[in-house]
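Single-structure report; data block below.
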Amino acid sequence: MTLVEEPATTADVPQKEIGRARRRKEDARLITGKTTWTDNMVLPGMLHLAVVRSPVAHAKITNVDVSAAQQSPNVVAVFTGQDFKEEQGSIPCAWPVTPDMVNPGHPSVAVDEVNHVGEAVAVIVARSKTAAQDAVELVDVDYDLLPVVLDMETATAEGGPALCHDHLESNESFNFVFDAGDAGTGANTDQAFADAEVVVSRRFVQQRLIPAFMEPRSVVVQPQGDNYTLWSSTQVPHILRVMLAMITGVPEHKLRVIAPDVGGGFGGKLQVTPEEVLSLLVARRLGKPVKWTETRSESLMSAHHGRDQIQYIDIASDREGNLKGLRCRILSDMGAYLRLVSPGVPVLGAFMYVGIYKFPAYRFDCRGIFTNKTPTDAYRGAGRPEATFAIERIMDELAVELGMDPLELRRKNWINAEEFPFTTAAGLEYDSGDYEQATQQALELLGYDELRAEQRRRRESNDPVQLGIGISTFTEMCGLAPSRVLGSLSYGAGGWENASIRMLPTGKVEVVTGSTPHGQGHETAWSQLVADQLGVPFEDVEVLHGDTSVSPRGLDTYGSRSLVVGGAAVMKAADKVVAKARKVAAHLLEASEEDLDFTGGSFSVRGTPGTGVSIQEIALATFAAHNFPEGMEPSIDAEATFDPVNFSFPHGTHLCAMEVDTETGMVKIRKYASVDDVGVVVNPLIVEGQMHGGLAQGIAQALYEEAVYDDDGNLTTGTFVDYLVPSAADLPHFDTGNTVHPAPGNPIGAKGVGEAGCIASTPAVVNAAIDAVRHLGVSDIRMPLTPERVWRAIHQGGDGGDRATAGTNAYGGAQTETTAGVATDASSLGGDR
Amino acid sequence: MTQINVRVDGASYSDDVEPRTLLVHYLREQLGKVGTVVGCDTSNCGACTVHLDGEAVKSCTVFAVQADGSEVTTIEGISSNGTLHPMQKAFHEMHGLQCGFCTPGMIMASIDLVNDNPDPSEDEVREGIEGNLCRCTGYQNIVRAVQQAAGEMSGRPAAADTLGAQS
C-alpha cells in the first residue's frame, strides 16, 4: 500500500530512527477502510451465533425450552449448558494469588445456575446474524430466583446477605497480605502506627469501570479436518491458544489463533472469553465455520469490567511530615467468577501503594470478594491506578492535617535522584528517575504560581466558581515482567517476549514479534528499532505479528510491556543477525571479524576505505550460499527471547487546575499539565499519543464513568447512552512534556508508556476538585465527580453519595474522618472488620 | 423485501433489502463495504458515519430503504486515484488514530464538519465531533488533524505545529 506518502527526508546522511517522530505504517489501511477486523471476515457456509443471556443476577435454572427457537426460520441449532457441560471445562484463572484461593469455576454457558446478569444460558446457531438474534427471544428459561450479593462490605459480614455461589462456604475468594516487616523490606507496621504522632485514615471508593474498547469483540472459527483456525479480537492470541487447548481438548498444534486488526483493548481483551470457548465448541460440534460478534450492550454487560475496590488507607507521620508508615486494607470485587487474571489485578497494585515515597513501614491486606455482578479483570493500569489514587489522595489529606503544602510534603518524602536504585518498603527496586526535575518542569508547564494566585483571588472574592490545583507525583511498575517474579507471585506464565528477524534475499527484512498490537503502533516502532540496528531503510522492514502460525512464540500485549520486553527481544535478535552477518562479511572480505566495522548497514575493513559489503549483499550471498564460511549454516536469520531482570519504573508529575461551580456542582478542567519520564523515547509521536489516551481514560474515571447496578443486580449503565465514555467536548487540551532517564534494565532504555497517563491522572483531577472547595468543608468527593455529587458534597456534606439505590452499589458505608494523634480507633476504619 | 437503488462510492447498486435492514448492515453485509464499522447499538459512537447525499449520517440510524435514490459515500470512496483525501492525510500526519476503529466514522464526520465550517476553532472541532467516540487518542491529535485538513481543504497554508515535540 503506497497511498500514504512519507515526507521526504532532506539530508543524505542517514538519520537515526530511534527518537524520530515517524508517521505510522499502520495508518495506511486504517484511514482508508482497508482493515481486517474480525467481524469483516466471511467464510463459505459460515454460521452465525447469538447468545441468550440471563436477565437475572442469581438463580437456579430449572428448565430451558429451546423448541420454539429451533423452529425459527434459518436456525440450525440451539445449544444449552446441558449440551456442553462435559466439554466446556472452566474459563481459566491463571493467577491463584494465594494457595487457598477459592475459585468457584466458570462455565462458558451456565448449566444449572446463573450468577450475574448477562451470563450465557444458551447459544443460537443460524444462517444469518439476524436469524440468530430473532431466535434469542424464543428461548424460554425458567429461573428459580436466589438472593443476590452486591455489597462487598456486607458480603463477608457475619450473617451476611447470602452466598454468591451456593456451593461455596463464603463470598471470600482470597486474602492476600504483604507485610514489609514480615518480608524484611521494612519495619513493623503496627509499631510504626503505635508510635506515630499523626495518623490519617480514609476510605476511598474505586468505582467499577468498563474498558469500552471501540471494536466490539468478535470471534470466527474455521474447522478444517481436525484443525481449527480461530480469529478473535483479542490482545492475547498466544495465551488464548494455550488456554483453549487446555480447556477444550483441541490439541495445541491443531489450533491456530489469529488476532487480525484489533480495535483497542485496554486490558478488556486480555481474556479467554466464554464466547471464544463457545465458538470453538460449536464449530467442532457442527464442523462448520462460525462467527460471533457482540452488540455494544452485550459488551458492556458481559465483557469483563475493571477497578471496583474499596480502599481503607491509614498513613502515619510525625508532626514535621516525615512519613512513618502506610497501611492499606482493600476489598476487591471479583464479580461472580474469577477470569484470567481477576485476582492478580489488586495484587499488581500491592507493591505500588508506597508510590515514590520512603515509607519505613508498609502493610497491604486485600480480600477478593464475590458478588453477583460481571467479573472484573484487567483494565488499563490494573491495580496500579488504584494504588496511585490511594497514596496521592491521602498525601493531600495528610498535608491538610499537618497544615503543610501538599507539594512540600511530597518533596520531603520522595526518593531523591541520587538515591536510585532505591528499594522500597514494598520490596521493589526502582530503577531511575528524578522526581524533582519532572515536578519543576510540570509546575512551569501549568503556570502554577499564577494559578495559585488566581485561586487566592477567587477565595477572597467568594467567587461562585472556585479554582483548585491537584497534584499527582506517581510511579508505576511496567514491563511485565521478570518470569521469576511472576513465578514467586504464583502467576501461571512467564513474562519473557520473543522476536525473530528474517533477512530476505532482496535485502528486505521481516521482523516477527510475539507482542501483539491493537493500536500501539508496533509496526512503526519495531521498524525504527531494526532500521537502526541493521542499518536498513525503515521502509524495508515489515513487522509480522498476531498469528500463532506466523509468530509461534509470544506472550502478547498488556502491562506496558511491548517495547520494554518485546522491543528488547527485537534488539537482541538484530544483534544476533549482525553477529552472523559479520562472519559472512569477514569471509567475503577476506578479513578477520575483529577488523570489521559495522556502520550504516555495511561492514568494512577498518582503515581501508572503499572496501565494504552491505548487509543486504550478505543476505543475498546467504540465499545463494555459494561462497560461505566453512562450517556455518547458510542463514543469518536470528531469534531471541528476552526475559527482563527487573520491572521498569516510569514516573511523572501531573498537575490539574480545576474550576468548580459551587452553585451547580459542575467541574471543568481549566488546565492539565504533565511531565512524564518513560525512559528513552523511540517514537515521540506514538509516546505522546499514548499519554493523551491514558490521560483521557484516567480523567474519565475521575469525572464521567461508572458501571452502576440496581438492587436486583441489573447493570443500569448498559449502553453508551448511560455509560459515559467522554467525547472530544468533554476533555481538555493536554500540555505534556517529558524528562528522560533511561531504564537500565533493557537495551533500549525504555520504561513503558501505555498505562502512565491513566495511572497518574485520576488523583490529580480529584485532588484538584477537592482543593477548590476544601475551604467549604469538603474533604472527599466520590468518583465520578458528577455535578450532583459535587453539589451534594458542598451543600450537604459527605462525599456526594451513591448514584445507585442506597447500599446496592457496594459503596455505601460511613464517611471517614481524620484522626490526629495515635491511631487507636483508626483501625476500625482502616484495620480489621 | 423492498427494492432500492443507491449509488455507493460512485457505483450503482440495485438490491432487495428487508425493510428493517439498517444502512450500515446493507453496506457491510450486502455490498462488502466493511470499511464502515459498527461500534454501538444506540447511535452514540459514530463509528458507522457515512455521507448520505453529502451530509454525515450515522448509518446505524438510517434504514437501507431510506437511502433509496441517494448517493452514499463511505471511507472507501473519499480518496481518488490513489490520492488521499486531505482529512485522511491529516489524520496520518497528526497521529489522529491509534487502533483505528473509530477512524472511518471520525474522518467522515470531520469532513462534514469542515464543509459546514471551513475554519473551526479548537472548541468548534471538539463540539463538532462530539457525536463520535474515540477511546484511544484523547482527541487532541484528532483536533489537530481536523484543523490541519480544514486549512488544506480551504487552501490556507498549514499552520506550524509542534507535533511530536510534546506540547
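Ligands are numbered from 1 in the order shown, residues from 1 within each chain, and chains are lettered A, B, ... in the order they appear in the C-alpha cells.
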If you take only C-alpha atoms and a cut-off of 8 Å, which residues of chain A touch chain B, and what are their nearest atom pairs and distances in Å to one decimal, in chain and number order, as CSV?
residue,atom,partner,partner_atom,distance
A:Leu3,CA,B:Gly82,CA,5.7
A:Val4,CA,B:Lys89,CA,7.4
A:Ala21,CA,B:Gly164,CA,5.7
A:Arg23,CA,B:Glu93,CA,6.3
A:Arg24,CA,B:His92,CA,7.2
A:Asp27,CA,B:His92,CA,6.2
A:Ala28,CA,B:His92,CA,7.9
A:Leu30,CA,B:Gly100,CA,5.4
A:Ile31,CA,B:Gln88,CA,5.8
A:Thr32,CA,B:Glu76,CA,5.8
A:Gly33,CA,B:Gly35,CA,3.7
A:Lys34,CA,B:Gly35,CA,6.0
A:Thr35,CA,B:Gly35,CA,6.6
A:Asn40,CA,B:Val34,CA,6.0
A:Ala212,CA,B:Arg135,CA,7.5
A:Phe213,CA,B:Arg135,CA,6.4
A:Met214,CA,B:Gly39,CA,6.0
A:Glu215,CA,B:Gly39,CA,5.9
A:Pro216,CA,B:Gly39,CA,6.4
A:Val262,CA,B:Cys99,CA,6.9
A:Gly263,CA,B:Cys99,CA,5.0
A:Gly264,CA,B:Cys99,CA,5.4
A:Thr295,CA,B:Cys40,CA,6.5
A:Arg296,CA,B:Cys40,CA,4.6
A:Ser297,CA,B:Asp41,CA,7.0
A:His518,CA,B:Cys99,CA,5.6
A:Gly519,CA,B:Cys99,CA,3.5
A:Gln520,CA,B:Gln98,CA,6.3
A:Gly521,CA,B:Gln98,CA,7.2
A:Pro684,CA,B:Gly164,CA,5.1
A:Leu685,CA,B:Gly164,CA,4.4
A:Ile686,CA,B:His95,CA,7.7
A:Glu688,CA,B:Gln166,CA,6.2
A:Gly689,CA,B:Thr137,CA,5.9
A:Gln690,CA,B:Thr137,CA,7.1
A:His692,CA,B:Gly138,CA,5.1
A:Gly693,CA,B:Thr137,CA,4.4
A:Gly694,CA,B:Gly138,CA,7.5
A:Leu695,CA,B:Gly138,CA,7.1
A:Ala696,CA,B:Gly138,CA,4.9
A:Gln697,CA,B:Arg135,CA,7.8
A:Thr719,CA,B:Thr42,CA,7.0
A:Phe720,CA,B:Asn44,CA,6.1
A:Val721,CA,B:Asn44,CA,6.7
A:Val725,CA,B:Leu133,CA,7.4
A:Pro726,CA,B:Leu133,CA,7.3
A:Ser727,CA,B:Glu130,CA,5.1
A:Ala728,CA,B:Arg126,CA,4.8
A:Ala729,CA,B:Arg126,CA,4.7
A:Leu731,CA,B:Gly138,CA,7.5
A:His733,CA,B:Gln140,CA,6.4
A:Phe734,CA,B:Gln140,CA,7.5
A:Asp735,CA,B:Ser167,CA,5.4
A:Thr736,CA,B:Ser167,CA,5.4
A:Gly737,CA,B:Gln166,CA,5.4
A:Asn738,CA,B:Gln166,CA,7.6
Check range 63-138 of chain B with DSSP on the backbone and list each residue it calls alpha helix (DSSP H), as a list in words.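 Result set for range 63-138 of chain B (alpha helix (DSSP H)): Pro86, Met87, Gln88, Lys89, Ala90, Phe91, His92, Glu93, Thr103, Pro104, Gly105, Met106, Ile107, Met108, Ala109, Ser110, Ile111, Asp112, Leu113, Val114, Asn115, Asp116, Glu122, Asp123, Glu124, Val125, Arg126, Glu127 and Gly128 of chain B.
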For Ser560 in chain A: contacts at 7 Å, only C-alpha atoms, fewer than 6 positions along chain excluded, given as a PyMOL selection string: chain A and resi 478-479+752-755
Once you have the residues from the selection above, write them out as a PDB file, in the first residue's frame, restricted to C-alpha atoms.
ATOM      1  CA  CYS A 478       5.998  -1.586  33.868  1.00  0.00           C
ATOM      2  CA  GLY A 479       7.490  -4.068  31.517  1.00  0.00           C
ATOM      3  CA  GLY A 752       6.802   1.791  29.110  1.00  0.00           C
ATOM      4  CA  VAL A 753       4.122   4.357  28.415  1.00  0.00           C
ATOM      5  CA  GLY A 754       0.824   2.628  27.745  1.00  0.00           C
ATOM      6  CA  GLU A 755      -0.650   2.994  31.200  1.00  0.00           C
TER       7      GLU A 755
END
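The two atoms in question, CA of Leu446 in chain A and CA of His654 in chain A, are spaced 9.4 Å apart.
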Can you tell me, as JSON, numbers by chain, what residues are no more than 9 Å from Ser70 in chain B when counting only C-alpha atoms, ignoring any on the same chain fewer than 3 positions away? {"B": [5, 6, 7, 8, 52, 53, 66, 67]}
Write out, as a PDB file, in the first residue's frame, the residues just selected, with C-alpha atoms.
ATOM      1  CA  ASN B   5     -31.401   1.777  -5.970  1.00  0.00           C
ATOM      2  CA  VAL B   6     -28.401   3.527  -4.480  1.00  0.00           C
ATOM      3  CA  ARG B   7     -25.054   4.841  -5.593  1.00  0.00           C
ATOM      4  CA  VAL B   8     -22.289   3.956  -3.143  1.00  0.00           C
ATOM      5  CA  LEU B  52     -25.781  10.464   2.587  1.00  0.00           C
ATOM      6  CA  ASP B  53     -26.195  12.937  -0.266  1.00  0.00           C
ATOM      7  CA  GLN B  66     -34.272   5.419   3.312  1.00  0.00           C
ATOM      8  CA  ALA B  67     -31.173   5.562   1.133  1.00  0.00           C
TER       9      ALA B  67
END
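Residues within 9 Å of Leu323 in chain A, counting only C-alpha atoms and excluding same-chain residues fewer than 5 positions away, are Ile315, Ala316, Ser317, Asp318, Tyr357, Lys358, Phe359, Pro360, Lys412 and Asn413 of chain A.
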Please produce a file of the residues just selected, as a short mmCIF file (atom, residue, chain, number, x, y, z; two decimals), in the first residue's frame, where the atoms kept are N, CA and C atoms.
data_model
loop_
_atom_site.label_atom_id
_atom_site.label_comp_id
_atom_site.auth_asym_id
_atom_site.auth_seq_id
_atom_site.Cartn_x
_atom_site.Cartn_y
_atom_site.Cartn_z
N ILE A 315 -2.35 6.42 57.02
CA ILE A 315 -0.99 6.91 56.81
C ILE A 315 -0.51 7.52 58.12
N ALA A 316 0.76 7.26 58.44
CA ALA A 316 1.31 7.75 59.70
C ALA A 316 2.53 8.62 59.43
N SER A 317 2.63 9.70 60.23
CA SER A 317 3.81 10.56 60.09
C SER A 317 4.10 11.23 61.43
N ASP A 318 5.22 11.93 61.47
CA ASP A 318 5.43 12.79 62.63
C ASP A 318 4.87 14.18 62.32
N TYR A 357 7.52 7.29 47.63
CA TYR A 357 7.92 7.78 48.95
C TYR A 357 8.69 6.75 49.76
N LYS A 358 9.47 7.29 50.68
CA LYS A 358 10.34 6.45 51.52
C LYS A 358 9.62 6.10 52.82
N PHE A 359 8.69 5.18 52.73
CA PHE A 359 7.99 4.71 53.93
C PHE A 359 8.88 3.70 54.66
N PRO A 360 9.04 3.86 55.94
CA PRO A 360 9.80 2.82 56.66
C PRO A 360 8.97 1.56 56.90
N LYS A 412 9.42 16.29 50.67
CA LYS A 412 10.13 15.89 51.89
C LYS A 412 10.31 14.38 51.98
N ASN A 413 9.43 13.65 51.29
CA ASN A 413 9.43 12.20 51.47
C ASN A 413 9.75 11.39 50.23
#
Using only C-alpha atoms: which of A:Gln616, A:Phe628, A:Lys269, A:Gly494 has the shortest distance to Ala586 in chain A: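 So, comparing all the options, the nearest one is A:Phe628.
Comparing the minimum interatomic distances between Glu18 in chain B and each of B:Val146, B:Val57, B:Cys48, B:Val65, counting only C-alpha atoms, we find that B:Val65 sits nearest.
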Residues within 10 Å of Met632 in chain A, please, as an mmCIF file with C-alpha atoms, in the first residue's frame. Count only C-alpha atoms; anything in the same chain fewer than 6 positions from it doesn't count.
data_model
loop_
_atom_site.group_PDB
_atom_site.id
_atom_site.type_symbol
_atom_site.label_atom_id
_atom_site.label_comp_id
_atom_site.auth_asym_id
_atom_site.auth_seq_id
_atom_site.Cartn_x
_atom_site.Cartn_y
_atom_site.Cartn_z
ATOM 1 C CA LYS A 580 26.149 -13.836 11.964
ATOM 2 C CA LYS A 583 31.155 -13.863 9.964
ATOM 3 C CA VAL A 584 29.934 -13.854 6.368
#
Counting only C-alpha atoms, which residue out of A:Glu172, A:Glu408, A:Glu137, A:Glu429 sits closest to Asp100 in chain A? A:Glu172
Point-to-point distance in Å for CA of Gly665 in chain A and CA of Glu454 in chain A: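 For CA of Glu454 in chain A relative to CA of Gly665 in chain A, the distance reads 19.7 Å.
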What lies within 9 Å of Pro211 in chain A using only C-alpha atoms, ignoring chain neighbours under 5 positions off, as a PyMOL selection string? chain A and resi 265-269+300+303-306+378-380
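Distances to Gly54 in chain B were evaluated for B:Met1, B:Leu113, B:Ala150, B:Leu31 using only C-alpha atoms, and the minimum falls at B:Leu113.
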DSSP-assigned strand (DSSP E or B) among chain B, expressed as an MDAnalysis selection string: chainID B and resid 2:8 11:17 22 49:52 55:58 63 71:73 80 83
Write the residues of the selection above to a file with C-alpha atoms, as a PDB file, in the first residue's frame.
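File produced: again34.pdb:
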ATOM      1  CA  THR B   2     -38.068  -3.919  -0.857  1.00  0.00           C
ATOM      2  CA  GLN B   3     -36.030  -2.936  -3.858  1.00  0.00           C
ATOM      3  CA  ILE B   4     -33.669   0.001  -3.511  1.00  0.00           C
ATOM      4  CA  ASN B   5     -31.401   1.777  -5.970  1.00  0.00           C
ATOM      5  CA  VAL B   6     -28.401   3.527  -4.480  1.00  0.00           C
ATOM      6  CA  ARG B   7     -25.054   4.841  -5.593  1.00  0.00           C
ATOM      7  CA  VAL B   8     -22.289   3.956  -3.143  1.00  0.00           C
ATOM      8  CA  ALA B  11     -21.037   2.712  -8.226  1.00  0.00           C
ATOM      9  CA  SER B  12     -24.725   1.957  -8.746  1.00  0.00           C
ATOM     10  CA  TYR B  13     -26.463  -0.867  -6.944  1.00  0.00           C
ATOM     11  CA  SER B  14     -29.937  -2.305  -7.169  1.00  0.00           C
ATOM     12  CA  ASP B  15     -30.820  -4.644  -4.327  1.00  0.00           C
ATOM     13  CA  ASP B  16     -33.645  -6.220  -2.400  1.00  0.00           C
ATOM     14  CA  VAL B  17     -33.490  -5.487   1.313  1.00  0.00           C
ATOM     15  CA  LEU B  22     -30.011  -0.745   8.585  1.00  0.00           C
ATOM     16  CA  THR B  49     -20.706   7.562   9.982  1.00  0.00           C
ATOM     17  CA  VAL B  50     -21.043   7.890   6.191  1.00  0.00           C
ATOM     18  CA  HIS B  51     -22.246  10.667   3.914  1.00  0.00           C
ATOM     19  CA  LEU B  52     -25.781  10.464   2.587  1.00  0.00           C
ATOM     20  CA  GLU B  55     -24.321  15.040   4.734  1.00  0.00           C
ATOM     21  CA  ALA B  56     -22.839  12.980   7.552  1.00  0.00           C
ATOM     22  CA  VAL B  57     -25.243  10.395   8.967  1.00  0.00           C
ATOM     23  CA  LYS B  58     -24.800   7.554  11.395  1.00  0.00           C
ATOM     24  CA  PHE B  63     -32.715   2.225   7.186  1.00  0.00           C
ATOM     25  CA  GLU B  71     -25.751   8.857  -3.080  1.00  0.00           C
ATOM     26  CA  VAL B  72     -23.777   7.275  -0.255  1.00  0.00           C
ATOM     27  CA  THR B  73     -20.087   7.948   0.327  1.00  0.00           C
ATOM     28  CA  SER B  80      -9.344   9.315  -5.668  1.00  0.00           C
ATOM     29  CA  THR B  83      -4.578  10.284  -3.610  1.00  0.00           C
TER      30      THR B  83
END
